[in-house]
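Q: Just one file: structure35.cif, with mmCIF, C-alpha atoms and all ligand atoms.
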```
data_work
loop_
_atom_site.label_atom_id
_atom_site.label_comp_id
_atom_site.auth_asym_id
_atom_site.auth_seq_id
_atom_site.Cartn_x
_atom_site.Cartn_y
_atom_site.Cartn_z
CA MET A 25 0.00 0.00 0.00
CA LYS A 26 1.01 3.64 -0.20
CA ALA A 27 1.57 6.21 2.52
CA ILE A 28 2.67 9.81 2.96
CA THR A 29 5.89 9.74 4.95
CA VAL A 30 8.61 12.09 6.15
CA VAL A 31 12.06 11.84 7.67
CA PRO A 32 11.54 13.86 10.87
CA LYS A 33 13.89 16.82 11.46
CA THR A 34 14.78 16.78 7.75
CA GLU A 35 13.65 19.39 5.21
CA ASN A 36 11.86 18.43 1.97
CA SER A 37 11.49 14.74 2.82
CA LEU A 38 7.74 14.50 2.12
CA ALA A 39 6.96 11.49 -0.10
CA TYR A 40 4.02 9.32 -1.23
CA ASP A 41 5.62 5.90 -1.39
CA ASP A 42 5.09 2.17 -0.95
CA VAL A 43 5.10 0.95 2.65
CA PRO A 44 4.23 -2.46 4.17
CA GLU A 45 0.60 -3.17 5.12
CA PRO A 46 -0.15 -2.12 8.73
CA ASP A 47 1.23 -4.64 11.23
CA PRO A 48 -1.57 -6.55 13.04
CA SER A 49 0.29 -5.82 16.30
CA THR A 50 -0.68 -2.13 15.90
CA GLY A 51 -4.37 -2.87 16.46
CA SER A 52 -7.09 -5.43 15.78
CA ILE A 53 -9.27 -2.93 13.87
CA LEU A 54 -8.36 -2.47 10.20
CA VAL A 55 -9.46 0.81 8.62
CA GLU A 56 -9.43 2.16 5.08
CA ALA A 57 -8.38 5.82 5.01
CA VAL A 58 -11.02 8.27 3.81
CA ALA A 59 -9.27 11.58 4.48
CA VAL A 60 -6.67 13.16 6.75
CA GLY A 61 -6.55 16.83 7.70
CA VAL A 62 -3.37 18.90 7.50
CA CYS A 63 -2.56 21.31 10.33
CA GLY A 64 0.28 23.54 11.48
CA THR A 65 1.95 20.64 13.31
CA ASP A 66 2.08 18.63 10.05
CA VAL A 67 3.64 21.62 8.30
CA GLU A 68 6.27 21.87 11.08
CA ILE A 69 7.05 18.15 10.73
CA ALA A 70 7.19 18.29 6.92
CA THR A 71 9.56 21.25 7.05
CA GLY A 72 11.93 19.45 9.41
CA LYS A 73 11.18 21.38 12.60
CA TYR A 74 9.45 18.70 14.64
CA GLY A 75 8.55 15.00 14.85
CA TRP A 76 10.09 11.63 15.78
CA ALA A 77 10.15 8.42 13.69
CA PRO A 78 9.25 5.10 15.34
CA PRO A 79 12.27 3.58 17.17
CA GLY A 80 14.74 1.99 14.72
CA ARG A 81 13.14 3.58 11.66
CA GLU A 82 14.04 6.55 9.49
CA ARG A 83 10.59 7.49 8.16
CA LEU A 84 7.34 8.35 9.94
CA VAL A 85 3.90 8.02 8.38
CA LEU A 86 2.45 11.52 8.77
CA GLY A 87 -1.08 12.56 9.75
CA HIS A 88 -3.07 12.75 12.98
CA GLU A 89 -6.45 14.25 11.89
CA SER A 90 -7.89 10.95 10.73
CA LEU A 91 -11.08 9.73 9.13
CA GLY A 92 -11.57 6.19 7.88
CA ARG A 93 -14.03 3.41 7.23
CA VAL A 94 -13.71 0.15 9.19
CA LEU A 95 -12.79 -2.86 7.02
CA GLU A 96 -12.43 -5.47 9.79
CA ALA A 97 -13.16 -5.29 13.52
CA PRO A 98 -13.34 -8.03 16.14
CA GLU A 99 -16.50 -8.66 18.19
CA GLY A 100 -16.66 -6.43 21.23
CA SER A 101 -14.45 -3.69 19.76
CA GLY A 102 -17.38 -1.26 19.67
CA VAL A 103 -17.17 -0.78 15.91
CA ALA A 104 -18.05 -2.90 12.89
CA ALA A 105 -17.18 -3.07 9.21
CA GLY A 106 -18.52 -0.02 7.38
CA ASP A 107 -18.45 2.33 10.39
CA LEU A 108 -17.00 5.80 9.91
CA VAL A 109 -14.28 6.32 12.55
CA ALA A 110 -11.43 8.56 13.68
CA GLY A 111 -8.42 7.54 15.76
CA ILE A 112 -7.24 9.01 19.03
CA VAL A 113 -3.78 10.54 18.57
CA ARG A 114 -1.90 10.16 21.87
CA ARG A 115 -0.97 6.96 23.72
CA PRO A 116 -0.13 6.87 27.43
CA ASP A 117 3.49 6.81 28.51
CA PRO A 118 4.84 3.36 29.47
CA VAL A 119 5.65 4.21 33.12
CA PRO A 120 2.76 5.31 33.38
CA CYS A 121 2.51 8.65 35.15
CA PRO A 122 -0.58 9.13 37.37
CA SER A 123 -2.46 11.04 34.63
CA CYS A 124 -1.80 8.39 31.96
CA ALA A 125 -2.67 5.66 34.50
CA VAL A 126 -6.23 7.00 34.72
CA GLY A 127 -6.65 7.58 30.97
CA GLU A 128 -5.88 11.30 31.02
CA TRP A 129 -2.88 11.02 28.69
CA ASP A 130 -3.60 14.53 27.45
CA MET A 131 -2.39 15.65 30.90
CA CYS A 132 0.78 13.44 30.82
CA LEU A 133 3.24 14.54 33.48
CA ASN A 134 6.51 13.04 32.25
CA GLY A 135 6.40 13.76 28.51
CA GLN A 136 7.05 10.11 27.58
CA TYR A 137 3.71 9.77 25.78
CA THR A 138 3.71 8.85 22.08
CA GLU A 139 1.52 10.32 19.32
CA ARG A 140 0.39 8.94 15.99
CA GLY A 141 1.88 10.83 13.06
CA ILE A 142 3.93 13.05 15.39
CA LYS A 143 5.94 11.17 18.00
CA GLU A 144 7.23 7.62 17.48
CA ILE A 145 4.04 6.00 16.08
CA ASP A 146 2.94 5.98 12.46
CA GLY A 147 0.11 8.34 11.63
CA PHE A 148 -2.99 7.96 9.50
CA MET A 149 -1.85 9.16 6.03
CA SER A 150 -1.72 5.62 4.64
CA GLN A 151 -4.25 3.81 2.47
CA ARG A 152 -4.99 1.46 5.37
CA TRP A 153 -4.24 1.76 9.08
CA ARG A 154 -4.86 -0.27 12.19
CA ILE A 155 -6.01 0.87 15.59
CA GLU A 156 -6.64 -0.62 19.02
CA PRO A 157 -10.21 -0.89 20.40
CA GLY A 158 -10.58 1.93 22.92
CA TYR A 159 -8.62 4.39 20.75
CA VAL A 160 -11.22 4.70 18.03
CA THR A 161 -14.23 7.05 17.93
CA LYS A 162 -17.33 6.20 15.91
CA LEU A 163 -18.81 9.09 13.95
CA ASP A 164 -22.35 9.87 12.84
CA PRO A 165 -22.38 8.34 9.31
CA THR A 166 -24.20 11.38 7.91
CA LEU A 167 -21.06 13.47 8.58
CA GLY A 168 -19.26 11.81 5.66
CA ILE A 169 -15.94 13.50 4.95
CA LEU A 170 -16.76 16.22 7.53
CA GLY A 171 -15.76 13.66 10.17
CA VAL A 172 -12.19 14.65 9.32
CA LEU A 173 -12.85 17.69 11.54
CA LEU A 174 -13.10 15.50 14.64
CA GLU A 175 -9.51 15.77 15.86
CA PRO A 176 -9.33 19.59 15.66
CA THR A 177 -12.72 19.67 17.41
CA THR A 178 -11.28 17.56 20.27
CA VAL A 179 -8.73 20.31 20.88
CA VAL A 180 -11.48 22.84 21.51
CA ALA A 181 -13.68 20.34 23.36
CA LYS A 182 -10.86 20.02 25.89
CA ALA A 183 -10.32 23.80 25.96
CA TRP A 184 -14.00 24.38 26.74
CA GLU A 185 -13.85 21.72 29.43
CA GLN A 186 -10.90 23.56 31.02
CA VAL A 187 -12.95 26.77 31.02
CA ALA A 188 -15.95 24.96 32.51
CA HIS A 189 -13.79 23.77 35.43
CA MET A 190 -13.45 27.42 36.48
CA GLU A 191 -17.20 27.66 37.08
CA THR A 192 -16.74 25.89 40.40
CA ARG A 193 -14.25 28.36 41.92
CA ALA A 194 -16.70 31.27 42.41
CA PHE A 195 -20.16 32.48 41.53
CA TRP A 196 -19.69 32.98 37.79
CA GLN A 197 -22.19 33.48 34.99
CA PRO A 198 -20.14 33.99 31.83
CA ARG A 199 -22.04 35.58 28.95
CA THR A 200 -19.49 36.66 26.35
CA VAL A 201 -16.60 34.79 24.76
CA LEU A 202 -13.86 36.17 22.55
CA VAL A 203 -12.10 33.72 20.23
CA THR A 204 -8.82 35.03 18.82
CA GLY A 205 -7.89 33.55 15.44
CA ALA A 206 -10.42 32.54 12.77
CA GLY A 207 -8.60 29.50 11.39
CA PRO A 208 -10.03 26.00 11.85
CA ILE A 209 -9.39 25.85 15.62
CA GLY A 210 -10.88 29.33 16.15
CA GLN A 211 -13.94 28.52 14.02
CA LEU A 212 -14.54 25.27 15.92
CA ALA A 213 -14.01 27.03 19.28
CA ALA A 214 -16.65 29.54 18.18
CA LEU A 215 -19.01 26.73 17.14
CA LEU A 216 -18.80 25.15 20.60
CA GLY A 217 -19.33 28.57 22.21
CA VAL A 218 -22.52 29.06 20.18
CA GLN A 219 -23.64 25.54 21.12
CA ARG A 220 -23.18 26.54 24.78
CA GLY A 221 -25.54 29.47 24.30
CA LEU A 222 -22.87 32.15 24.76
CA GLU A 223 -22.52 35.45 22.90
CA VAL A 224 -19.54 34.66 20.65
CA HIS A 225 -17.07 37.15 19.16
CA VAL A 226 -14.18 36.18 16.89
CA LEU A 227 -11.14 38.38 16.21
CA ASP A 228 -8.69 37.93 13.33
CA ARG A 229 -6.49 40.05 11.06
CA MET A 230 -8.47 39.34 7.87
CA GLU A 231 -10.97 42.05 6.94
CA THR A 232 -12.95 40.10 4.31
CA GLY A 233 -13.20 36.61 2.92
CA THR A 234 -14.18 33.15 4.08
CA LYS A 235 -13.15 33.61 7.73
CA PRO A 236 -15.51 36.52 8.55
CA ASP A 237 -18.27 34.91 6.43
CA LEU A 238 -18.03 31.67 8.42
CA VAL A 239 -18.14 33.52 11.75
CA ARG A 240 -21.26 35.44 10.73
CA ALA A 241 -22.91 32.27 9.40
CA LEU A 242 -22.57 30.85 12.92
CA GLY A 243 -24.50 33.78 14.34
CA ALA A 244 -21.33 35.13 15.97
CA THR A 245 -19.78 38.61 15.60
CA TYR A 246 -16.58 39.14 13.62
CA HIS A 247 -13.95 41.74 14.50
CA HIS A 248 -10.58 42.59 12.99
CA GLY A 249 -7.78 44.60 14.53
CA SER A 250 -6.70 44.68 18.17
CA ALA A 251 -8.53 43.11 21.13
CA HIS A 252 -8.01 46.45 22.96
CA ASP A 253 -10.44 48.15 20.59
CA LEU A 254 -13.35 45.82 21.34
CA PRO A 255 -16.33 47.59 22.95
CA PHE A 256 -16.67 44.98 25.74
CA ASP A 257 -14.51 42.98 28.16
CA PRO A 258 -15.07 39.27 27.45
CA ASP A 259 -15.82 36.84 30.27
CA ILE A 260 -13.97 34.06 28.44
CA VAL A 261 -11.17 34.17 25.87
CA ILE A 262 -10.20 31.15 23.79
CA GLU A 263 -6.83 32.13 22.31
CA CYS A 264 -6.05 30.24 19.08
CA THR A 265 -3.23 32.24 17.46
CA GLY A 266 -0.18 31.65 19.67
CA VAL A 267 0.94 35.18 18.76
CA GLY A 268 2.63 37.01 21.65
CA GLN A 269 1.00 40.37 21.05
CA VAL A 270 -2.48 38.82 20.87
CA ILE A 271 -1.84 36.82 24.06
CA SER A 272 -0.74 39.89 26.01
CA ASP A 273 -3.68 41.89 24.61
CA VAL A 274 -6.28 39.35 25.77
CA ILE A 275 -4.70 38.94 29.22
CA THR A 276 -5.24 42.68 29.77
CA LYS A 277 -8.62 42.76 28.00
CA VAL A 278 -10.44 39.85 29.70
CA GLY A 279 -13.09 40.98 32.20
CA ALA A 280 -12.83 40.64 35.99
CA GLY A 281 -13.14 37.05 37.18
CA GLY A 282 -12.58 35.92 33.61
CA VAL A 283 -10.76 33.00 32.05
CA VAL A 284 -8.22 33.02 29.22
CA CYS A 285 -7.61 29.58 27.72
CA LEU A 286 -4.50 29.37 25.52
CA THR A 287 -4.54 26.73 22.78
CA GLY A 288 -1.93 28.07 20.37
CA VAL A 289 1.81 27.98 20.82
CA GLY A 290 4.42 30.17 19.26
CA SER A 291 7.76 31.46 20.42
CA GLY A 292 9.63 34.76 20.62
CA GLY A 293 7.94 37.68 18.95
CA ARG A 294 7.56 41.14 20.41
CA THR A 295 8.25 41.47 24.11
CA THR A 296 6.96 45.00 24.57
CA GLY A 297 3.35 43.96 25.24
CA LEU A 298 3.19 43.11 28.93
CA ALA A 299 5.96 42.84 31.52
CA THR A 300 5.89 39.71 33.68
CA ALA A 301 5.02 41.56 36.90
CA ASP A 302 2.20 43.32 35.07
CA VAL A 303 0.77 39.91 34.16
CA ALA A 304 0.53 39.21 37.89
CA THR A 305 -1.15 42.55 38.48
CA GLU A 306 -3.71 41.84 35.77
CA LEU A 307 -4.48 38.37 37.13
CA VAL A 308 -4.33 39.03 40.88
CA LEU A 309 -6.39 42.21 41.09
CA GLN A 310 -9.17 40.78 38.91
CA ASN A 311 -9.10 37.11 40.01
CA ASN A 312 -8.41 36.11 36.42
CA VAL A 313 -7.25 32.71 35.22
CA VAL A 314 -4.91 31.91 32.34
CA VAL A 315 -4.90 28.21 31.53
CA GLY A 316 -3.16 26.24 28.79
CA SER A 317 -4.82 23.34 26.98
CA VAL A 318 -3.27 20.75 24.69
CA ASN A 319 -4.23 17.42 23.13
CA ALA A 320 -7.33 15.41 24.07
CA ASN A 321 -8.33 12.17 25.73
CA ARG A 322 -11.14 9.71 24.99
CA ARG A 323 -13.76 11.88 26.75
CA HIS A 324 -12.92 14.86 24.53
CA PHE A 325 -13.13 12.71 21.38
CA TYR A 326 -16.59 11.58 22.50
CA ARG A 327 -17.74 15.13 23.22
CA ALA A 328 -16.28 16.45 19.95
CA ALA A 329 -18.17 13.77 18.00
CA GLN A 330 -21.38 14.94 19.72
CA ALA A 331 -20.63 18.58 18.84
CA LEU A 332 -20.04 17.74 15.16
CA GLU A 333 -23.20 15.65 15.05
CA ARG A 334 -25.20 18.69 16.24
CA ALA A 335 -23.50 21.15 13.85
CA ASP A 336 -24.89 22.45 10.58
CA ARG A 337 -23.44 20.30 7.77
CA ASP A 338 -23.22 23.15 5.24
CA TRP A 339 -21.23 25.27 7.70
CA LEU A 340 -18.87 22.38 8.48
CA GLY A 341 -18.51 21.77 4.75
CA ARG A 342 -17.25 25.32 4.24
CA LEU A 343 -14.48 24.69 6.80
CA VAL A 344 -13.03 22.00 4.53
CA SER A 345 -11.77 24.49 1.99
CA ARG A 346 -9.71 22.17 -0.24
CA ARG A 347 -9.34 18.42 -0.88
CA VAL A 348 -6.09 17.15 -2.38
CA PRO A 349 -5.38 13.59 -3.59
CA PRO A 350 -2.45 11.88 -1.82
CA GLU A 351 -0.23 11.83 -4.94
CA ARG A 352 -0.36 15.66 -4.91
CA VAL A 353 0.18 15.97 -1.14
CA GLN A 354 2.63 18.86 -1.51
CA GLU A 355 -0.29 21.06 -2.62
CA ALA A 356 -1.97 20.42 0.74
CA PHE A 357 1.08 21.91 2.44
CA ASP A 358 1.14 25.04 0.25
CA ARG A 359 -1.68 26.91 1.95
CA GLY A 360 -3.36 30.07 0.71
CA PRO A 361 -4.74 32.99 2.77
CA ASP A 362 -8.35 31.82 2.34
CA ASP A 363 -7.66 28.17 3.21
CA ILE A 364 -9.37 26.99 6.39
CA LYS A 365 -8.88 23.21 6.58
CA VAL A 366 -7.11 21.44 3.74
CA VAL A 367 -7.46 17.66 3.69
CA VAL A 368 -5.75 14.82 1.86
CA GLU A 369 -8.56 12.70 0.43
CA PHE A 370 -7.76 9.02 0.00
CA THR A 371 -11.17 7.61 -0.92
CA GLY A 372 -14.70 9.00 -1.05
CA ALA A 373 -16.64 9.02 2.22
ZN ZN B 401 2.03 10.17 31.29
#
```
Give the structure from this file in structure tokens form.
A:
Amino acid sequence: MKAITVVPKTENSLAYDDVPEPDPSTGSILVEAVAVGVCGTDVEIATGKYGWAPPGRERLVLGHESLGRVLEAPEGSGVAAGDLVAGIVRRPDPVPCPSCAVGEWDMCLNGQYTERGIKEIDGFMSQRWRIEPGYVTKLDPTLGILGVLLEPTTVVAKAWEQVAHMETRAFWQPRTVLVTGAGPIGQLAALLGVQRGLEVHVLDRMETGTKPDLVRALGATYHHGSAHDLPFDPDIVIECTGVGQVISDVITKVGAGGVVCLTGVGSGGRTTGLATADVATELVLQNNVVVGSVNANRRHFYRAAQALERADRDWLGRLVSRRVPPERVQEAFDRGPDDIKVVVEFTGA
């Protein structure tokens, strides 16, 4: 069979080549790939900045935003031939740490976890892949190829869960949420905010185009420019850009008793925004919370599947802005300004 592979930490190594069929030891469920989404992490791996091949191997099969159709599954695995499924990305560390021991591998404490398509386990950009029962999520069959949005939705399902945890620390009735960044993660964060009945605002640099159109189609309000210029102080901020200036802006902008959840990571950038001691002043005097959120466990995959099932199919369909066949994978990595989610399409859903 064929797979999209890379040599991690090596530039220009992306290839669509022959690889062996998936080893039965990698899972009793055999799946035919339907589509795999491409995100910023894949771009970092493909450009040699990130990623680890499986031990003893040079190449890694790329891809962690999976969607496939079950070909074979044993009795009791929870799925059957024909089911539309997506695979969980992270596996617990072998020690395991206390978090991994209770199935919260997204909160791994020692960093020895592994991740499909990223860290030491082959990903999902192969014509067929295998997966273990318990690491597969069944999707509403009417989602079709839109099920490829599950993994990015798990990221925001966890972020929203982190925000919800803050409801227990004080009397708190959040009404407004600001999402910074109108890419796929920002759009999906906004979708979950609307589903929670909140007044949702999304901020991005773009003035026109698909991103503002998608936000308005959700019933949310679109803004461009700086968070400082917004006419309200949000109760919740879901930060999806990882840009230093935006992060410092929302830490000062969030309302009293509010929560900023950071989902994006960057590095460096301008350092003139907010001095460290001023961060403390902002947080202490207003009882604010800044919390980071990464990855997702089985519970978040389940909740994300529920959120997608409830979402408008036409709106979800506009998030998948381009489909590229695997033999032209490089085109999926050359993204344009109006691209939201580009996917590699292996077979029709
Ligand atoms: Zn762990």
Q: May I ask for the distance between atom CA of Thr192 of chain A and atom CA of Ala214 of chain A, given in Å to one decimal place?
A: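 We find that atom CA of Thr192 of chain A and atom CA of Ala214 of chain A lie 22.5 Å from each other.
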Q: Please write out the residues within 9 Å of ligand ZN 401 (chain B) as an MDAnalysis selection string, counting all atoms listed in the file.
A: chainID A and resid 115:125 128:137
Q: Taking all atoms listed in the file into account, produce a table as a Markdown table in which each residue of segment 53-162 of chain A with an atom at most 8 Å from an atom of segment 323-342 of chain A appears once, together with its shortest atom pair and the distance in Å to one decimal, ordered by chain and rising number.
A:
```
| residue | atom | partner | partner_atom | distance |
| --- | --- | --- | --- | --- |
| A:Ile112 | CA | A:Phe325 | CA | 7.3 |
| A:Thr161 | CA | A:Phe325 | CA | 6.7 |
| A:Lys162 | CA | A:Ala329 | CA | 7.9 |
```
Q: Those residues you just picked out, can you put them in a file as a short mmCIF file (atom, residue, chain, number, x, y, z; two decimals), in the frame of the given file with C-alpha atoms?
A:
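As a result, result-v8.cif now contains:
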```cif
data_model
loop_
_atom_site.label_atom_id
_atom_site.label_comp_id
_atom_site.auth_asym_id
_atom_site.auth_seq_id
_atom_site.Cartn_x
_atom_site.Cartn_y
_atom_site.Cartn_z
CA ILE A 112 -7.24 9.01 19.03
CA THR A 161 -14.23 7.05 17.93
CA LYS A 162 -17.33 6.20 15.91
#
```
Q: Please provide the set of residues having any atom within 9 Å of Asp363 of chain A, restricted to all atoms listed in the file, with same-chain residues fewer than 5 positions apart removed, written as a count of residues only.
A: 7
Q: Env of Val201 of chain A: 7 Å cut, atoms = all atoms listed in the file, seq-sep filter 2 positions within chain, self excluded. Answer as a PyMOL selection string.
A: chain A and resi 199+203+222-225+258-261
Q: Have a look at A:Leu242, A:Thr204, A:Cys264, A:Arg83 and name the one nearest to Arg229 of chain A; count all atoms listed in the file.
A: A:Thr204
Q: Residues within 6 Å of segment 170-175 of chain A, please, as a tab-separated table (two decimals) with C-alpha atoms, in the frame of the given file. Count all atoms listed in the file; anything in the same chain fewer than 5 positions from it doesn't count.
A:
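out09.tsv written:
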```tsv
chain	number	residue	atom	x	y	z
A	89	GLU	CA	-6.45	14.25	11.89
A	90	SER	CA	-7.89	10.95	10.73
A	91	LEU	CA	-11.08	9.73	9.13
```
Q: For a quick check of understanding, using all atoms listed in the file, which of A:Gly290, A:Gly72, A:Gly268, A:Gly279 has the smallest distance to Pro32 of chain A?
A: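 Residue with the minimum atom-to-atom distance to Pro32 of chain A: A:Gly72.
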Q: Atom CA of Val31 of chain A to atom CA of Arg154 of chain A: how many Å, to one decimal?
A: 21.3 Å
Q: Here is a test: counting all atoms listed in the file, which residue of A:Val67, A:Ala181, A:Ala206, A:Leu86 is nearest to Asp237 of chain A?
A: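 The closest residue to Asp237 of chain A is A:Ala206.
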Q: Counting all atoms listed in the file, which of A:Gly51, A:Gln151, A:Gly80, A:Val367 gets nearest to Gly111 of chain A?
A: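 Closest residue, counting all atoms listed in the file: A:Gly51.
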Q: What is the atom CA of Val313 of chain A to atom CA of Ile271 of chain A distance in Å?
A: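 That distance, rounded to one decimal, is 13.1 Å.
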Q: For the point (-6.7, 37.3, 42.0) in file coordinates, what residues are within 12 Å, counting only C-alpha atoms? Give the answer as a ChimeraX atom specification?
A: /A:193-194,280-283,303-314
Q: Since the input is missing atoms, can you rebuild N, CA and C atoms for segment 296-323 of chain A and write them as a tab-separated table (two decimals), keeping the file's coordinate frame?
A:
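Listed below is the output, selection38.tsv:
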```tsv
chain	number	residue	atom	x	y	z
A	296	THR	N	7.31	43.70	24.00
A	296	THR	CA	6.96	45.00	24.57
A	296	THR	C	5.53	45.03	25.09
A	297	GLY	N	4.77	43.94	24.92
A	297	GLY	CA	3.35	43.96	25.24
A	297	GLY	C	3.07	44.10	26.72
A	298	LEU	N	3.60	43.20	27.53
A	298	LEU	CA	3.19	43.11	28.93
A	298	LEU	C	4.36	42.54	29.72
A	299	ALA	N	4.86	43.32	30.68
A	299	ALA	CA	5.96	42.84	31.52
A	299	ALA	C	5.44	41.76	32.47
A	300	THR	N	6.32	40.86	32.88
A	300	THR	CA	5.89	39.71	33.68
A	300	THR	C	5.16	40.13	34.95
A	301	ALA	N	5.69	41.13	35.66
A	301	ALA	CA	5.02	41.56	36.90
A	301	ALA	C	3.66	42.16	36.62
A	302	ASP	N	3.51	42.76	35.43
A	302	ASP	CA	2.20	43.32	35.07
A	302	ASP	C	1.18	42.21	34.80
A	303	VAL	N	1.67	41.05	34.34
A	303	VAL	CA	0.77	39.91	34.16
A	303	VAL	C	0.17	39.56	35.52
A	304	ALA	N	1.02	39.51	36.54
A	304	ALA	CA	0.53	39.21	37.89
A	304	ALA	C	-0.49	40.24	38.34
A	305	THR	N	-0.22	41.50	38.08
A	305	THR	CA	-1.15	42.55	38.48
A	305	THR	C	-2.51	42.35	37.81
A	306	GLU	N	-2.46	42.08	36.51
A	306	GLU	CA	-3.71	41.84	35.77
A	306	GLU	C	-4.50	40.68	36.38
A	307	LEU	N	-3.79	39.58	36.67
A	307	LEU	CA	-4.48	38.37	37.13
A	307	LEU	C	-4.93	38.51	38.58
A	308	VAL	N	-4.04	39.00	39.44
A	308	VAL	CA	-4.33	39.03	40.88
A	308	VAL	C	-5.48	39.98	41.18
A	309	LEU	N	-5.41	41.21	40.69
A	309	LEU	CA	-6.39	42.21	41.09
A	309	LEU	C	-7.77	41.94	40.53
A	310	GLN	N	-7.86	41.08	39.49
A	310	GLN	CA	-9.17	40.78	38.91
A	310	GLN	C	-9.57	39.31	39.07
A	311	ASN	N	-8.80	38.55	39.83
A	311	ASN	CA	-9.10	37.11	40.01
A	311	ASN	C	-9.19	36.38	38.68
A	312	ASN	N	-8.33	36.76	37.73
A	312	ASN	CA	-8.41	36.11	36.42
A	312	ASN	C	-7.61	34.82	36.39
A	313	VAL	N	-7.94	33.99	35.42
A	313	VAL	CA	-7.25	32.71	35.22
A	313	VAL	C	-6.69	32.68	33.81
A	314	VAL	N	-5.45	32.24	33.67
A	314	VAL	CA	-4.91	31.91	32.34
A	314	VAL	C	-4.55	30.43	32.40
A	315	VAL	N	-5.12	29.65	31.51
A	315	VAL	CA	-4.90	28.21	31.53
A	315	VAL	C	-4.51	27.74	30.13
A	316	GLY	N	-3.56	26.83	30.07
A	316	GLY	CA	-3.16	26.24	28.79
A	316	GLY	C	-3.89	24.94	28.56
A	317	SER	N	-4.10	24.59	27.30
A	317	SER	CA	-4.82	23.34	26.98
A	317	SER	C	-4.21	22.71	25.74
A	318	VAL	N	-3.85	21.44	25.84
A	318	VAL	CA	-3.27	20.75	24.69
A	318	VAL	C	-3.81	19.33	24.61
A	319	ASN	N	-3.89	18.83	23.36
A	319	ASN	CA	-4.23	17.42	23.13
A	319	ASN	C	-5.63	17.09	23.66
A	320	ALA	N	-5.98	15.81	23.69
A	320	ALA	CA	-7.33	15.41	24.07
A	320	ALA	C	-7.33	13.94	24.45
A	321	ASN	N	-8.19	13.58	25.38
A	321	ASN	CA	-8.33	12.17	25.73
A	321	ASN	C	-9.65	11.61	25.19
A	322	ARG	N	-9.98	10.41	25.55
A	322	ARG	CA	-11.14	9.71	24.99
A	322	ARG	C	-12.43	10.50	25.23
A	323	ARG	N	-12.55	11.11	26.42
A	323	ARG	CA	-13.76	11.88	26.75
A	323	ARG	C	-13.94	13.05	25.78
```
